file my_file06.txt (compact mmCIF, C-alpha atoms)
# COMPACT_ATOMS: atom_id res chain seq x y z
CA MET A 1333 -17.74 7.62 19.99
CA THR A 1334 -17.30 11.27 20.95
CA PRO A 1335 -15.12 13.58 18.87
CA ALA A 1336 -12.91 14.03 21.94
CA LEU A 1337 -12.25 10.29 22.27
CA LEU A 1338 -11.70 9.90 18.53
CA HIS A 1339 -9.28 12.81 18.60
CA ARG A 1340 -7.36 11.19 21.47
CA LEU A 1341 -7.23 7.87 19.56
CA ILE A 1342 -5.89 9.46 16.39
CA LEU A 1343 -3.22 11.41 18.28
CA ALA A 1344 -2.20 8.34 20.30
CA VAL A 1345 -1.70 6.21 17.18
CA ALA A 1346 0.04 8.97 15.22
CA ASP A 1347 2.37 9.86 18.11
CA ASP A 1348 3.33 6.24 18.71
CA VAL A 1349 4.06 5.54 15.05
CA ILE A 1350 6.08 8.76 14.75
CA ALA A 1351 8.01 7.98 17.97
CA HIS A 1352 8.89 4.49 16.73
CA ALA A 1353 9.94 5.51 13.22
CA ASP A 1354 13.62 4.72 13.83
CA GLU A 1355 12.83 1.28 15.22
CA LEU A 1356 10.61 0.47 12.21
CA THR A 1357 13.33 1.65 9.85
CA GLU A 1358 15.94 -0.51 11.59
CA LEU A 1359 13.68 -3.58 11.30
CA ASP A 1360 13.13 -2.79 7.61
CA GLN A 1361 16.85 -2.31 6.98
CA ALA A 1362 17.38 -5.91 8.10
CA VAL A 1363 14.86 -7.49 5.71
CA GLY A 1364 13.66 -4.83 3.29
CA ASP A 1365 14.45 -1.48 1.75
CA GLY A 1366 14.69 0.38 5.04
CA ASP A 1367 11.94 2.91 4.40
CA HIS A 1368 9.09 1.65 6.60
CA GLY A 1369 9.78 4.02 9.50
CA ILE A 1370 10.16 7.17 7.44
CA ASN A 1371 7.18 6.28 5.24
CA MET A 1372 4.87 5.59 8.19
CA LYS A 1373 6.11 8.72 9.95
CA ARG A 1374 5.30 10.87 6.90
CA GLY A 1375 1.82 9.31 6.63
CA PHE A 1376 0.94 9.67 10.29
CA GLU A 1377 2.29 13.23 10.44
CA ALA A 1378 -0.31 14.02 7.77
CA VAL A 1379 -2.97 12.15 9.77
CA ARG A 1380 -1.92 14.03 12.91
CA ALA A 1381 -2.11 17.40 11.16
CA ASP A 1382 -5.75 16.70 10.22
CA ALA A 1383 -6.69 15.02 13.52
CA GLY A 1384 -8.94 17.85 14.71
CA ALA A 1385 -11.06 17.94 11.56
CA THR A 1386 -11.06 14.15 11.20
CA ALA A 1387 -12.31 13.65 14.77
CA GLU A 1388 -15.40 15.78 14.03
CA LYS A 1389 -16.56 13.28 11.39
CA PRO A 1390 -18.70 10.20 12.08
CA LEU A 1391 -16.43 7.21 12.78
CA PRO A 1392 -16.82 5.56 9.33
CA ASP A 1393 -15.94 8.80 7.53
CA ALA A 1394 -13.06 9.50 9.89
CA LEU A 1395 -11.54 6.07 9.20
CA LYS A 1396 -11.93 6.56 5.45
CA ALA A 1397 -10.25 9.96 5.69
CA ILE A 1398 -7.33 8.45 7.61
CA GLY A 1399 -7.05 5.66 5.04
CA THR A 1400 -6.99 8.13 2.17
CA GLN A 1401 -4.26 10.17 3.89
CA LEU A 1402 -2.16 7.03 4.33
CA VAL A 1403 -2.65 5.97 0.71
CA MET A 1404 -1.56 9.36 -0.59
CA LYS A 1405 1.26 10.13 1.85
CA VAL A 1406 2.98 6.93 2.99
CA GLY A 1407 4.29 5.55 -0.31
CA GLY A 1408 5.92 2.14 -0.42
CA ALA A 1409 3.70 -0.92 -0.25
CA SER A 1410 2.62 0.01 3.27
CA GLY A 1411 0.71 3.08 2.02
CA PRO A 1412 -1.86 1.14 0.00
CA LEU A 1413 -1.89 -1.68 2.59
CA TYR A 1414 -2.54 0.46 5.67
CA GLY A 1415 -4.70 2.78 3.57
CA THR A 1416 -6.84 -0.16 2.49
CA LEU A 1417 -7.09 -1.39 6.10
CA PHE A 1418 -8.46 1.94 7.35
CA MET A 1419 -10.61 2.66 4.28
CA ALA A 1420 -12.19 -0.80 4.37
CA LEU A 1421 -12.74 -0.55 8.13
CA GLY A 1422 -14.47 2.79 7.56
CA LYS A 1423 -16.62 1.27 4.86
CA GLU A 1424 -17.70 -1.69 7.02
CA ILE A 1425 -17.98 -0.25 10.52
CA ALA A 1426 -21.21 0.99 12.12
CA PRO A 1427 -21.09 4.60 13.41
CA ASP A 1428 -21.27 3.27 17.00
CA ALA A 1429 -18.58 0.63 16.29
CA SER A 1430 -20.96 -2.09 17.52
CA ASN A 1431 -19.81 -4.44 14.71
CA LEU A 1432 -16.07 -3.78 15.22
CA SER A 1433 -15.01 -7.42 15.11
CA ALA A 1434 -16.90 -8.23 11.90
CA ALA A 1435 -15.84 -4.98 10.26
CA PHE A 1436 -12.21 -5.60 11.23
CA ALA A 1437 -12.43 -9.09 9.71
CA ARG A 1438 -13.69 -7.61 6.43
CA ALA A 1439 -10.95 -4.98 6.47
CA ILE A 1440 -8.34 -7.72 6.91
CA GLU A 1441 -9.80 -9.51 3.88
CA ALA A 1442 -9.35 -6.28 1.90
CA VAL A 1443 -5.69 -6.11 2.99
CA LYS A 1444 -5.17 -9.75 1.93
CA SER A 1445 -6.61 -8.95 -1.45
CA ARG A 1446 -4.59 -5.73 -1.87
CA GLY A 1447 -1.35 -7.47 -0.91
CA LYS A 1448 -2.21 -10.81 -2.57
CA SER A 1449 -1.14 -12.36 0.72
CA GLN A 1450 -2.28 -14.65 3.51
CA PRO A 1451 -1.22 -15.00 7.16
CA GLY A 1452 1.95 -17.07 7.53
CA GLN A 1453 3.96 -15.10 4.97
CA LYS A 1454 5.69 -12.85 7.55
CA THR A 1455 3.62 -9.70 7.05
CA MET A 1456 1.30 -7.35 8.94
CA LEU A 1457 -1.43 -9.98 8.47
CA ASP A 1458 0.36 -12.19 10.99
CA VAL A 1459 -0.53 -9.62 13.65
CA LEU A 1460 -3.89 -8.40 12.36
CA ALA A 1461 -5.41 -11.89 11.98
CA PRO A 1462 -4.74 -13.13 15.55
CA VAL A 1463 -5.83 -9.77 16.99
CA GLN A 1464 -9.10 -10.03 15.07
CA MET A 1465 -9.56 -13.61 16.32
CA ALA A 1466 -9.09 -12.53 19.94
CA LEU A 1467 -11.44 -9.60 19.39
CA GLY A 1468 -14.03 -11.94 17.88
CA GLU A 1469 -13.84 -14.29 20.87
CA GLY A 1470 -14.56 -11.30 23.08
CA GLY A 1471 -14.41 -11.47 26.87
CA THR A 1472 -13.18 -9.07 29.48
CA ASP A 1473 -10.05 -6.93 29.56
CA LEU A 1474 -9.79 -6.83 25.76
CA SER A 1475 -7.90 -3.55 25.83
CA VAL A 1476 -5.29 -5.21 28.04
CA ARG A 1477 -5.19 -8.55 26.24
CA LEU A 1478 -5.16 -7.39 22.61
CA PRO A 1479 -1.81 -5.55 22.85
CA ILE A 1480 -0.32 -8.72 24.37
CA VAL A 1481 -1.77 -10.84 21.56
CA ALA A 1482 -0.41 -8.32 19.03
CA ALA A 1483 3.06 -8.19 20.57
CA SER A 1484 3.46 -11.95 20.77
CA ALA A 1485 2.15 -12.28 17.19
CA ALA A 1486 4.79 -9.78 16.04
CA ASP A 1487 7.43 -11.77 17.96
CA ALA A 1488 6.19 -14.91 16.21
CA THR A 1489 7.17 -13.42 12.82
CA VAL A 1490 10.86 -13.59 13.83
CA PRO A 1491 11.36 -17.30 12.98
CA MET A 1492 9.10 -17.10 9.91
CA LEU A 1493 10.34 -17.37 6.33
CA ALA A 1494 9.14 -14.37 4.30
CA THR A 1495 7.31 -15.39 1.13
CA ARG A 1496 5.74 -12.04 0.26
CA GLY A 1497 7.13 -8.54 -0.06
CA ARG A 1498 10.71 -7.34 -0.33
CA ALA A 1499 11.84 -9.61 2.53
CA SER A 1500 11.02 -12.67 0.41
CA PHE A 1501 13.99 -11.77 -1.85
CA LEU A 1502 16.21 -12.73 1.09
CA GLY A 1503 14.81 -16.25 1.26
CA GLU A 1504 16.20 -18.10 4.28
CA ARG A 1505 18.03 -14.97 5.41
CA SER A 1506 14.67 -13.40 6.29
CA ILE A 1507 14.49 -15.84 9.21
CA GLY A 1508 15.55 -14.36 12.54
CA HIS A 1509 14.16 -10.84 12.01
CA MET A 1510 10.82 -9.38 13.06
CA ASP A 1511 8.68 -8.23 10.15
CA PRO A 1512 8.48 -4.40 10.18
CA GLY A 1513 4.81 -4.39 9.11
CA ALA A 1514 3.94 -6.83 11.88
CA ARG A 1515 5.70 -4.53 14.34
CA SER A 1516 3.89 -1.38 13.12
CA SER A 1517 0.55 -3.22 13.27
CA ALA A 1518 1.22 -4.33 16.85
CA LEU A 1519 2.20 -0.77 17.70
CA ILE A 1520 -1.07 0.62 16.34
CA VAL A 1521 -3.17 -2.02 18.15
CA ALA A 1522 -1.41 -1.17 21.42
CA SER A 1523 -1.88 2.58 20.89
CA VAL A 1524 -5.61 2.24 20.24
CA CYS A 1525 -6.11 0.00 23.29
CA ARG A 1526 -4.09 2.25 25.58
CA ALA A 1527 -6.00 5.35 24.44
CA LEU A 1528 -9.32 3.55 25.00
CA GLU A 1529 -8.20 2.65 28.50
CA GLY A 1530 -7.87 6.39 28.99
CA MET B 113 -8.76 5.04 -32.52
CA ALA B 114 -5.78 6.40 -30.60
CA ASN B 115 -2.89 4.17 -29.58
CA VAL B 116 -2.69 2.71 -26.08
CA GLY B 117 -0.74 4.94 -23.67
CA ILE B 118 2.19 3.72 -21.56
CA VAL B 119 3.04 4.59 -17.95
CA ILE B 120 6.35 3.63 -16.34
CA VAL B 121 6.45 3.43 -12.52
CA SER B 122 9.81 2.82 -10.85
CA HIS B 123 11.07 3.33 -7.30
CA SER B 124 13.88 5.29 -8.93
CA PRO B 125 13.13 8.50 -10.90
CA LYS B 126 16.29 7.84 -12.92
CA ILE B 127 15.18 4.35 -13.95
CA ALA B 128 11.72 5.66 -14.85
CA GLU B 129 13.20 8.43 -16.96
CA GLY B 130 15.79 6.16 -18.55
CA ALA B 131 13.21 3.52 -19.46
CA ALA B 132 11.04 6.28 -20.96
CA ASP B 133 14.02 7.46 -23.05
CA MET B 134 14.42 3.93 -24.41
CA VAL B 135 10.70 3.79 -25.26
CA ARG B 136 10.89 7.15 -27.08
CA GLN B 137 13.89 5.95 -29.07
CA MET B 138 11.79 3.02 -30.28
CA VAL B 139 8.41 4.62 -30.94
CA GLY B 140 9.03 8.38 -31.08
CA ASP B 141 5.85 10.33 -30.37
CA SER B 142 3.45 7.69 -31.71
CA VAL B 143 2.29 6.65 -28.22
CA LYS B 144 1.47 8.78 -25.21
CA LEU B 145 4.05 8.10 -22.53
CA ALA B 146 4.43 9.17 -18.91
CA TYR B 147 6.81 8.10 -16.18
CA THR B 148 7.07 8.58 -12.46
CA GLY B 149 9.49 7.54 -9.75
CA GLY B 150 10.16 8.38 -6.14
CA ASP B 151 7.99 8.45 -3.03
CA PRO B 152 5.98 11.42 -1.71
CA GLY B 153 9.01 12.52 0.35
CA GLY B 154 11.40 12.54 -2.59
CA GLY B 155 13.22 9.32 -1.69
CA LEU B 156 13.27 6.03 -3.58
CA GLY B 157 9.75 4.62 -3.71
CA THR B 158 6.39 5.12 -5.37
CA GLY B 159 3.23 7.03 -4.54
CA VAL B 160 -0.40 6.83 -5.56
CA ALA B 161 -0.81 10.56 -6.25
CA SER B 162 2.08 10.76 -8.73
CA ILE B 163 0.96 7.54 -10.45
CA ARG B 164 -2.54 8.98 -10.93
CA GLU B 165 -1.02 12.09 -12.49
CA ALA B 166 1.08 9.92 -14.81
CA ILE B 167 -2.03 7.99 -15.90
CA ASP B 168 -3.71 11.33 -16.70
CA ARG B 169 -0.71 12.46 -18.76
CA ALA B 170 -0.59 9.22 -20.76
CA TRP B 171 -4.39 8.91 -21.01
CA SER B 172 -5.70 7.53 -24.28
CA GLU B 173 -9.21 6.46 -25.22
CA ALA B 174 -7.63 3.10 -26.11
CA GLY B 175 -6.46 2.71 -22.52
CA VAL B 176 -3.19 2.75 -20.62
CA ALA B 177 -0.70 -0.03 -19.84
CA ILE B 178 1.41 0.45 -16.69
CA LEU B 179 4.86 -1.10 -16.29
CA VAL B 180 6.24 -1.37 -12.75
CA ASP B 181 9.40 -2.53 -11.02
CA LEU B 182 9.15 -3.90 -7.46
CA GLY B 183 6.28 -4.71 -5.04
CA GLY B 184 5.27 -1.25 -3.85
CA ALA B 185 5.18 0.05 -7.43
CA GLU B 186 2.66 -2.65 -8.29
CA THR B 187 0.56 -2.18 -5.12
CA ASN B 188 0.51 1.61 -5.49
CA SER B 189 -0.34 1.33 -9.20
CA GLU B 190 -3.23 -1.04 -8.49
CA MET B 191 -4.48 1.37 -5.82
CA ALA B 192 -4.21 4.29 -8.26
CA VAL B 193 -6.20 2.37 -10.88
CA GLU B 194 -8.95 1.56 -8.38
CA MET B 195 -9.25 5.24 -7.50
CA LEU B 196 -9.96 6.21 -11.13
CA ASP B 197 -13.54 6.96 -12.10
CA ASP B 198 -15.69 4.06 -13.35
CA GLU B 199 -15.35 5.09 -16.95
CA ARG B 200 -11.54 4.91 -16.94
CA ARG B 201 -10.85 2.15 -14.43
CA GLY B 202 -11.58 -0.73 -16.81
CA ARG B 203 -9.20 0.67 -19.41
CA VAL B 204 -5.99 0.67 -17.37
CA VAL B 205 -3.94 -2.46 -16.73
CA VAL B 206 -0.84 -3.14 -14.64
CA CYS B 207 1.41 -5.49 -16.64
CA ASN B 208 3.26 -8.36 -15.01
CA ALA B 209 6.48 -7.77 -16.94
CA PRO B 210 10.04 -6.53 -16.44
CA ILE B 211 9.92 -2.74 -16.44
CA VAL B 212 12.44 -1.80 -19.15
CA GLU B 213 11.86 -4.63 -21.61
CA GLY B 214 8.13 -4.58 -20.89
CA ALA B 215 7.82 -0.86 -21.51
CA VAL B 216 9.70 -1.03 -24.81
CA MET B 217 7.76 -4.10 -26.02
CA ALA B 218 4.39 -2.73 -24.88
CA ALA B 219 5.03 0.64 -26.52
CA THR B 220 6.16 -0.98 -29.76
CA GLU B 221 3.00 -3.09 -29.82
CA ALA B 222 0.90 -0.01 -28.96
CA SER B 223 2.49 2.03 -31.75
CA GLY B 224 1.04 -0.42 -34.26
CA GLY B 225 -2.46 0.34 -33.02
CA SER B 226 -3.01 -2.89 -31.08
CA PRO B 227 -5.75 -2.98 -28.43
CA LEU B 228 -4.92 -2.86 -24.70
CA GLU B 229 -5.17 -6.63 -24.14
CA THR B 230 -2.69 -7.31 -26.94
CA VAL B 231 -0.30 -4.69 -25.60
CA ARG B 232 -0.48 -6.27 -22.16
CA ARG B 233 0.01 -9.79 -23.52
CA THR B 234 3.06 -8.73 -25.53
CA ALA B 235 4.67 -7.23 -22.43
CA GLU B 236 3.79 -10.22 -20.29
CA GLU B 237 5.32 -12.69 -22.74
CA LEU B 238 8.59 -11.51 -21.23
CA SER B 239 7.68 -12.86 -17.78
CA PRO B 240 8.66 -16.35 -16.68
CA GLN B 241 5.50 -18.49 -16.74

call {"tool": "encode", "arguments": {"input": "my_file06.txt", "output": "structure tokens"}}
result
Amino acid sequence: MTPALLHRLILAVADDVIAHADELTELDQAVGDGDHGINMKRGFEAVRADAGATAEKPLPDALKAIGTQLVMKVGGASGPLYGTLFMALGKEIAPDASNLSAAFARAIEAVKSRGKSQPGQKTMLDVLAPVQMALGEGGTDLSVRLPIVAASAADATVPMLATRGRASFLGERSIGHMDPGARSSALIVASVCRALEG
Amino acid sequence: MANVGIVIVSHSPKIAEGAADMVRQMVGDSVKLAYTGGDPGGGLGTGVASIREAIDRAWSEAGVAILVDLGGAETNSEMAVEMLDDERRGRVVVCNAPIVEGAVMAATEASGGSPLETVRRTAEELSPQ
């Protein structure tokens, strides 16, 4: 991956997260403490500010640097969760990204462990796991299909009962709302794919 | 051997400070105590960087017990512990206990010179099994 492409990817993800901060906050106000948008915005503004320097690093180091920024700047539970996702991906991935699917699977395991959670609990894992599955199956048009998989997986969190995180305090009342972490994960998947499409 | 140190991590700076006041009332200066609350932007929440600083302030050779309130406080505290160097990491525990009662009980146990595991167990006796 060239520094120019990596730079474009980082800016695409950061800009999309920042642009959707209000939407993420509104989703979080329905089922949580209403800080997901502002927290993610703060984290990705820091990532954006360092994008030039980060893009010059080899891919594994760049991902670790992004993860560290998110851990230190986001706050909330999403800071350590997204931070762990990017840091673990950086730790597992080959510099040429040839093992992306396997590395992504390992990174998802790290998020499960950090959040003591599994898919089905109305969290970001409910988007990340199906996206990884589709990636693992491979095939053509992945950059078109993965955002669709991610978006429908985020939609599928609406009828779910939250059993992890702040939303679980609401019990049955968590049903009928999209999980904010699932939405931000779908957003990031779509940004990466769109930037790769060029 | 020094007494175990106590760290209080709340989403709210006021709760963190208030819980620390209650600990001080019980144990005076006999245990090292640090508290932190609020996210990196100054709102309600928690952050890894400020938790790491609190662990440094409360550091004791006997270890540090951390008391947390809600989800993100626990996740951020666990992340902060993992980022410590090898020598310290094994001597910091995040207690599964209510923050105010847990902090007071843990500090009281620590002030008697109990080891880290005992301090943790005393705090966790307050949690529903």

call {"tool": "closest_residue", "arguments": {"input": "my_file06.txt", "among": "A:Thr1386, A:Gln1401, A:Ser1484, A:Gln1361", "to": "Val160 of chain B", "atoms": "all atoms listed in the file"}}
result
A:Gln1401

call {"tool": "closest_residue", "arguments": {"input": "my_file06.txt", "among": "B:Val205, B:Val193, B:Ala235, B:Leu145", "to": "Met217 of chain B", "atoms": "all atoms listed in the file"}}
result
B:Ala235

call {"tool": "atom_distance", "arguments": {"input": "my_file06.txt", "atom1": "atom CA of Pro210 of chain B", "atom2": "atom CA of Tyr1414 of chain A"}}
result
26.4 Å

call {"tool": "residues_near_point", "arguments": {"input": "my_file06.txt", "point": "(7.5, -2.8, -23.6)", "cutoff": "10 Å", "atoms": "only C-alpha atoms", "output": "PDB file with C-alpha atoms, in the frame of the given file"}}
result
ATOM      1  CA  ILE B 118       2.190   3.720 -21.560  1.00  0.00           C
ATOM      2  CA  ILE B 120       6.350   3.630 -16.340  1.00  0.00           C
ATOM      3  CA  ALA B 131      13.210   3.520 -19.460  1.00  0.00           C
ATOM      4  CA  MET B 134      14.420   3.930 -24.410  1.00  0.00           C
ATOM      5  CA  VAL B 135      10.700   3.790 -25.260  1.00  0.00           C
ATOM      6  CA  MET B 138      11.790   3.020 -30.280  1.00  0.00           C
ATOM      7  CA  ALA B 177      -0.700  -0.030 -19.840  1.00  0.00           C
ATOM      8  CA  ILE B 178       1.410   0.450 -16.690  1.00  0.00           C
ATOM      9  CA  LEU B 179       4.860  -1.100 -16.290  1.00  0.00           C
ATOM     10  CA  CYS B 207       1.410  -5.490 -16.640  1.00  0.00           C
ATOM     11  CA  ALA B 209       6.480  -7.770 -16.940  1.00  0.00           C
ATOM     12  CA  PRO B 210      10.040  -6.530 -16.440  1.00  0.00           C
ATOM     13  CA  ILE B 211       9.920  -2.740 -16.440  1.00  0.00           C
ATOM     14  CA  VAL B 212      12.440  -1.800 -19.150  1.00  0.00           C
ATOM     15  CA  GLU B 213      11.860  -4.630 -21.610  1.00  0.00           C
ATOM     16  CA  GLY B 214       8.130  -4.580 -20.890  1.00  0.00           C
ATOM     17  CA  ALA B 215       7.820  -0.860 -21.510  1.00  0.00           C
ATOM     18  CA  VAL B 216       9.700  -1.030 -24.810  1.00  0.00           C
ATOM     19  CA  MET B 217       7.760  -4.100 -26.020  1.00  0.00           C
ATOM     20  CA  ALA B 218       4.390  -2.730 -24.880  1.00  0.00           C
ATOM     21  CA  ALA B 219       5.030   0.640 -26.520  1.00  0.00           C
ATOM     22  CA  THR B 220       6.160  -0.980 -29.760  1.00  0.00           C
ATOM     23  CA  GLU B 221       3.000  -3.090 -29.820  1.00  0.00           C
ATOM     24  CA  ALA B 222       0.900  -0.010 -28.960  1.00  0.00           C
ATOM     25  CA  VAL B 231      -0.300  -4.690 -25.600  1.00  0.00           C
ATOM     26  CA  ARG B 232      -0.480  -6.270 -22.160  1.00  0.00           C
ATOM     27  CA  THR B 234       3.060  -8.730 -25.530  1.00  0.00           C
ATOM     28  CA  ALA B 235       4.670  -7.230 -22.430  1.00  0.00           C
ATOM     29  CA  GLU B 236       3.790 -10.220 -20.290  1.00  0.00           C
ATOM     30  CA  LEU B 238       8.590 -11.510 -21.230  1.00  0.00           C
TER      31      LEU B 238
END

call {"tool": "residues_around", "arguments": {"input": "my_file06.txt", "residues": "segment 122-125 of chain B", "least_positions_apart": "2", "cutoff": "7 Å", "atoms": "all atoms listed in the file", "output": "list in words"}}
result
Ile120, Ile127, Ala128, Glu129, Thr148, Gly149, Gly150, Leu156, Gly157, Thr158, Val180, Asp181 and Ala185 of chain B

call {"tool": "atom_distance", "arguments": {"input": "my_file06.txt", "atom1": "atom CA of Gly1508 of chain A", "atom2": "atom CA of Leu1493 of chain A"}}
result
8.6 Å

call {"tool": "interface_residues", "arguments": {"input": "my_file06.txt", "of": "chain A", "to": "chain B", "cutoff": "10 Å", "atoms": "all atoms listed in the file", "output": "PyMOL selection string"}}
result
chain A and resi 1365+1367+1370-1371+1374-1375+1403-1413+1415-1416+1446-1448+1496-1498

call {"tool": "atom_distance", "arguments": {"input": "my_file06.txt", "atom1": "atom CA of Leu1478 of chain A", "atom2": "atom CA of Asn1431 of chain A"}}
result
16.9 Å

call {"tool": "closest_residue", "arguments": {"input": "my_file06.txt", "among": "A:Phe1418, A:His1339, A:Gly1471, A:Asp1382", "to": "Ile1520 of chain A", "atoms": "all atoms listed in the file"}}
result
A:Phe1418

call {"tool": "closest_residue", "arguments": {"input": "my_file06.txt", "among": "B:Ser172, B:Gln137, B:Thr230, B:Ser223", "to": "Arg203 of chain B", "atoms": "all atoms listed in the file"}}
result
B:Ser172

call {"tool": "residues_around", "arguments": {"input": "my_file06.txt", "residues": "Ile1342 of chain A", "least_positions_apart": "3", "cutoff": "9 Å", "atoms": "all atoms listed in the file", "output": "JSON, numbers by chain"}}
result
{"A": [1337, 1338, 1339, 1345, 1346, 1347, 1379, 1380, 1383, 1386, 1387, 1398, 1524]}

call {"tool": "residues_around", "arguments": {"input": "my_file06.txt", "residues": "Ala1429 of chain A", "least_positions_apart": "5", "cutoff": "9 Å", "atoms": "all atoms listed in the file", "output": "short mmCIF file (atom, residue, chain, number, x, y, z; two decimals) with C-alpha atoms, in the coordinates of the input"}}
result
data_model
loop_
_atom_site.label_atom_id
_atom_site.label_comp_id
_atom_site.auth_asym_id
_atom_site.auth_seq_id
_atom_site.Cartn_x
_atom_site.Cartn_y
_atom_site.Cartn_z
CA MET A 1333 -17.74 7.62 19.99
CA LEU A 1391 -16.43 7.21 12.78
CA PRO A 1392 -16.82 5.56 9.33
CA ALA A 1435 -15.84 -4.98 10.26
#

call {"tool": "decode", "arguments": {"input": "my_file06.txt", "residues": "segment 193-207 of chain B", "atoms": "N, CA and C atoms", "output": "short mmCIF file (atom, residue, chain, number, x, y, z; two decimals), in the first residue's frame"}}
result
data_model
loop_
_atom_site.label_atom_id
_atom_site.label_comp_id
_atom_site.auth_asym_id
_atom_site.auth_seq_id
_atom_site.Cartn_x
_atom_site.Cartn_y
_atom_site.Cartn_z
N VAL B 193 -4.19 -0.61 32.47
CA VAL B 193 -3.35 -1.60 33.17
C VAL B 193 -2.50 -2.36 32.16
N GLU B 194 -3.12 -2.73 31.03
CA GLU B 194 -2.35 -3.48 30.02
C GLU B 194 -1.21 -2.68 29.43
N MET B 195 -1.35 -1.35 29.45
CA MET B 195 -0.31 -0.50 28.86
C MET B 195 0.82 -0.21 29.84
N LEU B 196 0.69 -0.67 31.08
CA LEU B 196 1.79 -0.50 32.05
C LEU B 196 2.96 -1.39 31.65
N ASP B 197 4.15 -1.08 32.19
CA ASP B 197 5.28 -1.95 31.87
C ASP B 197 5.12 -3.29 32.60
N ASP B 198 5.87 -4.29 32.12
CA ASP B 198 5.71 -5.67 32.62
C ASP B 198 5.83 -5.75 34.13
N GLU B 199 6.71 -4.94 34.66
CA GLU B 199 7.02 -5.05 36.08
C GLU B 199 5.83 -4.60 36.94
N ARG B 200 5.06 -3.65 36.42
CA ARG B 200 3.93 -3.12 37.21
C ARG B 200 2.60 -3.80 36.90
N ARG B 201 2.47 -4.29 35.66
CA ARG B 201 1.16 -4.73 35.19
C ARG B 201 0.52 -5.78 36.11
N GLY B 202 1.32 -6.71 36.60
CA GLY B 202 0.79 -7.80 37.42
C GLY B 202 0.42 -7.36 38.83
N ARG B 203 0.70 -6.10 39.15
CA ARG B 203 0.43 -5.63 40.51
C ARG B 203 -0.67 -4.57 40.56
N VAL B 204 -1.51 -4.55 39.52
CA VAL B 204 -2.65 -3.64 39.52
C VAL B 204 -3.89 -4.45 39.18
N VAL B 205 -4.94 -4.30 39.98
CA VAL B 205 -6.18 -5.05 39.71
C VAL B 205 -7.36 -4.07 39.62
N VAL B 206 -8.31 -4.42 38.75
CA VAL B 206 -9.56 -3.67 38.67
C VAL B 206 -10.60 -4.48 39.45
N CYS B 207 -11.16 -3.88 40.50
CA CYS B 207 -12.07 -4.61 41.38
C CYS B 207 -13.50 -4.59 40.82
#
